Amino acid sequence: MIPVRLELKNFLSYGTDVPPLDFGTFNVACLSGGNGEGKSALLDAMTWAIWGEARKSSGRRKPDEELIRIGTRHMEVTFTFDLEHTRYRVTRSFSKSETGKTTYSDLEFQIKESEGDSYHPLTGATQRETQARIEDTLGLDYDTFINSAFLLQGRSDEFTKKSPSQRKEILVRILNLDKYDALEDKARDRWRAAKERRKRAEADIERLEQSLEDVPEWEDERETVQAKIAEQKKLLAQLRAQEKELTQERADLEAKAREAQSVRESIQALDERIERHREEMDALSERIAEADELLEEQAAIEEAYEEYQSLQDERDVLDEKRDRRRDLEKTLEQERSTLQDRRNELERRLDRLKVERNGLAESLEECREVLAQRPEIEARVRRSQAARQQLGELRRVRRQREQLQDTLSEAKAAIVKKRQQLKAEIDTRQNQIEQEQEALEKKDDLATRIDELESKQQRRADLDEHLENIEAQGKQLSETLQERTGQLEAWREERERDVEELHRFREADGDVCPTCGTELTEAHRREVESTLQSHIDELETAIEEEERRIEEQKAKRAKLRRSYRRLQEERSELDDVPEALATVREQYQALEETAESLAAHKEQVDQLTHQLKTGRFAESARRRWQACKQRLGALTVNADTFETLQARAARLDQHLGRIQELEDADRRRDELDRKIKQHDEQIGELRTSLEEHTAFEDLRDRIDRLEEALEDIDFDPDRFQQVRQRIRDLDGIPDRRSALKNAQQNRADWCEQRDQVQDRLEQAKDEKAALEERLEKLEETLEGKEALVEKQEATSQRVQAEEDALSELQQRLGKLEARLEQAESDREALQEAKEEREEAAAQQHRFKHLRTAFGKHGIPSLIIEETLPEIEERANRILDRLTEGRMHVRLETLKEKKSGGTKETLEIIITDEHGVPRPYETYSGGESFRVNFALRVALAQLLAERSGVRVRTLVIDEGFGTQDEDGIERLVEAIQAIREDFAKVLVITHLERLKRAFPVRIEVEKDPAVGSTFELVGA
């Protein structure tokens, strides 16, 4: 990872007007400034943007609310970096409501397009998902970063102070060995799966071998059943022949019974047909009588029908005349309405012209009145032009006064601003002094707190080791429980099979034993039942004993789990201890620096207070203010005269506008005279047209013609009503005439149809008599049917019984055949199960070795073992340069136990110039810093060269105050020597003698009003 650009807003001491920090202009730079100016805040902004982590108080999970600038409600940081030739950008923001009770945060992750300057979003659905993507891209977390490439202020001993197991975890993450954890988990899962496969295969083998034990008995039983089936088939053939003969006789009688039923149904149908013929004859006779009645009234019906036809014709003629009259009346009404509309339109035009003519006359009179004012307006124009000339000179003098007034106000504002700045700076310094004094009061409490946290950290390491031992015991117990549970399930299945076999044996009837195929005597039955029951009892005893053992194992495992949970809860309560310890140490270091700066701040307050009391500030502004006062006295302007001339000159444009209006009024007067004459002519023409009716002569002619045509139509409304009434009276005559015509045409046919129906009626009566005779004969034949049916059913029942017996024999044979067929399949399955057991055992052995190889004592441990000499060599090369060969560091991975043997660890052994190892705590602050610096730089070099994602950035924040002049010179030489291993190196310090060693500097300053800012010098 290589920093490219940092943009921040309202982050710690930085405000809103902060320039972006461009890392592309340098490779090595010194970040300098006074204590508390905001140097480390730039580094906190980088880690907060990427991981959401930075400096924070003890007990806080997230630092967001402590990072936002006091008095603001929105904080934002954008950090751009290069990673393996790809550019990424992260933007993280934090906001809080006006009351401070509600907070909001946002996180965006982007990648730069391969072409152009645009970015493509990589942001996830949630902030947690986005954070995971960022860490997956970088390949390391916050703790790994600050323990290697990031030497934070007050935390240079972060790696040295950690426990051996924590140091190993940091090395695991730096070397990107986390992937072996996943491989170990996969190997463990595969080992468990192979173990389960082997257990299943062994259970299958046992089950299949037991199922094949009874095969010889099944083969003997099959031959016996086949002989019985042959004898049963012979007997069944004889009975089926007898049943067939009786069934045929019964079928013949059944056919005759059905015939008798059919004859009865035919007789019933003939009765229904005879009834229908009688009803038809009655209907035809009634229709012939009605026809005879209509033929007697034929003359009267014909006369009434002729009258009806004549009235219909007359009504059609009257309808036509009525329609023509209505059309003419409608057209006449329309023409009269049009005539009235035209007259009204002419009258409206005449009124409108009169109104327009009066308006033109009024406008003409107004023009004449305006033209009479010309002499007075021309005189006013001349006076306003003279005033405008005098006003120009007065305005020039007034502008000079205004400029002097502005300069006077600016000078006064500068004096006031400087006074306020001095007061604000004094207040800020006094608040800072009060805060520093208040903070220094907590120094003893922090020292006590450090001792408490160091004790908790040691307890945390002891708990980790204890938890690992419990976890190993728990795994061993779980494996034992799995094996015992598998054995218990196998015994339960065997017991179920024996109980089922005993049940089948007790229910078996016959002379052959269903288990062995021998003769089933009472003694043999008791022997078999006793053997099965004895085996079942033994299995139940073994099951109860195994269940008791399993419960004991479970109780032991539960006890371990309770201990594990209790210790884990205690361990989780100590999770924040390392971070809290680092924070408290940082706070303690900051308090030591605060004590140094307190006296300087008090001296600054005294100087600023003296300047404010004596008025020795803003002297140039005071001189400008005095000069402006003198020049203002020499320039005077009479305000009343200026306002009078200004008002008179302002009316010049108004007077010139009035002159233009006079010229326009002169032109309008001629135009109005012309329009009035035109309106008088039009009014005269309209009056003549209305009085003489010349405008609508064509309409009056059309109206006269329509009135004459209306009088020519001969239409009698009374006659029209009489005709309509008579037609309604004769409304039924057309139907009676149609009925008369129908009677005349069909009476002879109806008589003939009646005779035919009479013939069909006699024929049906004859058919009924013949069927009654046939029915009598059939009933005599069916008298012996019941006896035959009883004999046939008895024979069928015996056939069914023998068939059932045959079916039972065949089912027994089928079961035996299925058992023998299944036995053949079981032989093949047995061979496959044995092969599966061998293969699973081989895989279990193989994955057990892989699990060990991928575990923390396997390949990762070997890689760390091979890497440690390189880290030692790098660290000692730097330490040799810093101490002239007087100190040496050694990393040991094995430690002797008090109980004997060794255990894996990661101890840091430091030797002095005599080669004698001494504890880390016995070295001075300067010596400790050199050791920490050498180790941390070696880790950072390793991180920059690792495979995959490389972090090619080194940050060294403070720690140089413990070094003398010679030590600082050696540190600078060491930094220059390793600069080629990193793309970016940042050194943070407030020491002037160290700043001079770096040509490129980022100088940070803090203004009490606007906050911190920085300037890039020498780039």
# chains A, B, ... in the order shown; residues from 1 in each chain; ligands from 1
>>> select_by_dssp(residues="range 747-970 of chain A", states="helix (DSSP H, G or I)", output="PyMOL selection string")
chain A and resi 747-854+859-883+920-922+925-945+960-962+965-970
>>> select_by_dssp(residues="range 808-933 of chain A", states="strand (DSSP E)", output="list in words")
His888, Val889, Arg890, Leu891, Glu892, Thr893, Leu894, Lys895, Glu896, Thr902, Lys903, Glu904, Thr905, Leu906, Glu907, Ile908, Ile909, Ile910, Thr911, Pro917 and Arg918 of chain A
>>> residues_around(residues="Ala411 in chain A", least_positions_apart="2", cutoff="7 Å", atoms="only C-alpha atoms", output="number ranges by chain")
A: 407-409, 413-415, 621-622, 624-625
>>> atom_distance(atom1="CA of Arg747 in chain A", atom2="CA of Ile301 in chain A")
18.3 Å
>>> closest_residue(among="A:Asp957, A:Glu184, A:Glu115, A:Glu265", to="Ile859 in chain A", atoms="only C-alpha atoms")
A:Glu184
>>> residues_around(residues="His857 in chain A", least_positions_apart="3", cutoff="12 Å", atoms="only C-alpha atoms", output="list of chain:residue names")
A:Lys168, A:Tyr180, A:Asp181, A:Glu184, A:Leu850, A:Arg851, A:Thr852, A:Ala853, A:Phe854, A:Pro860, A:Ser861, A:Leu862, A:Ile863, A:Ile864, A:Glu865, A:Thr893, A:Leu894, A:Lys903, A:Glu904, A:Thr905
>>> closest_residue(among="A:Leu868, A:Ile968, A:Leu328, A:Ile1002", to="Val172 in chain A", atoms="only C-alpha atoms")
A:Leu868
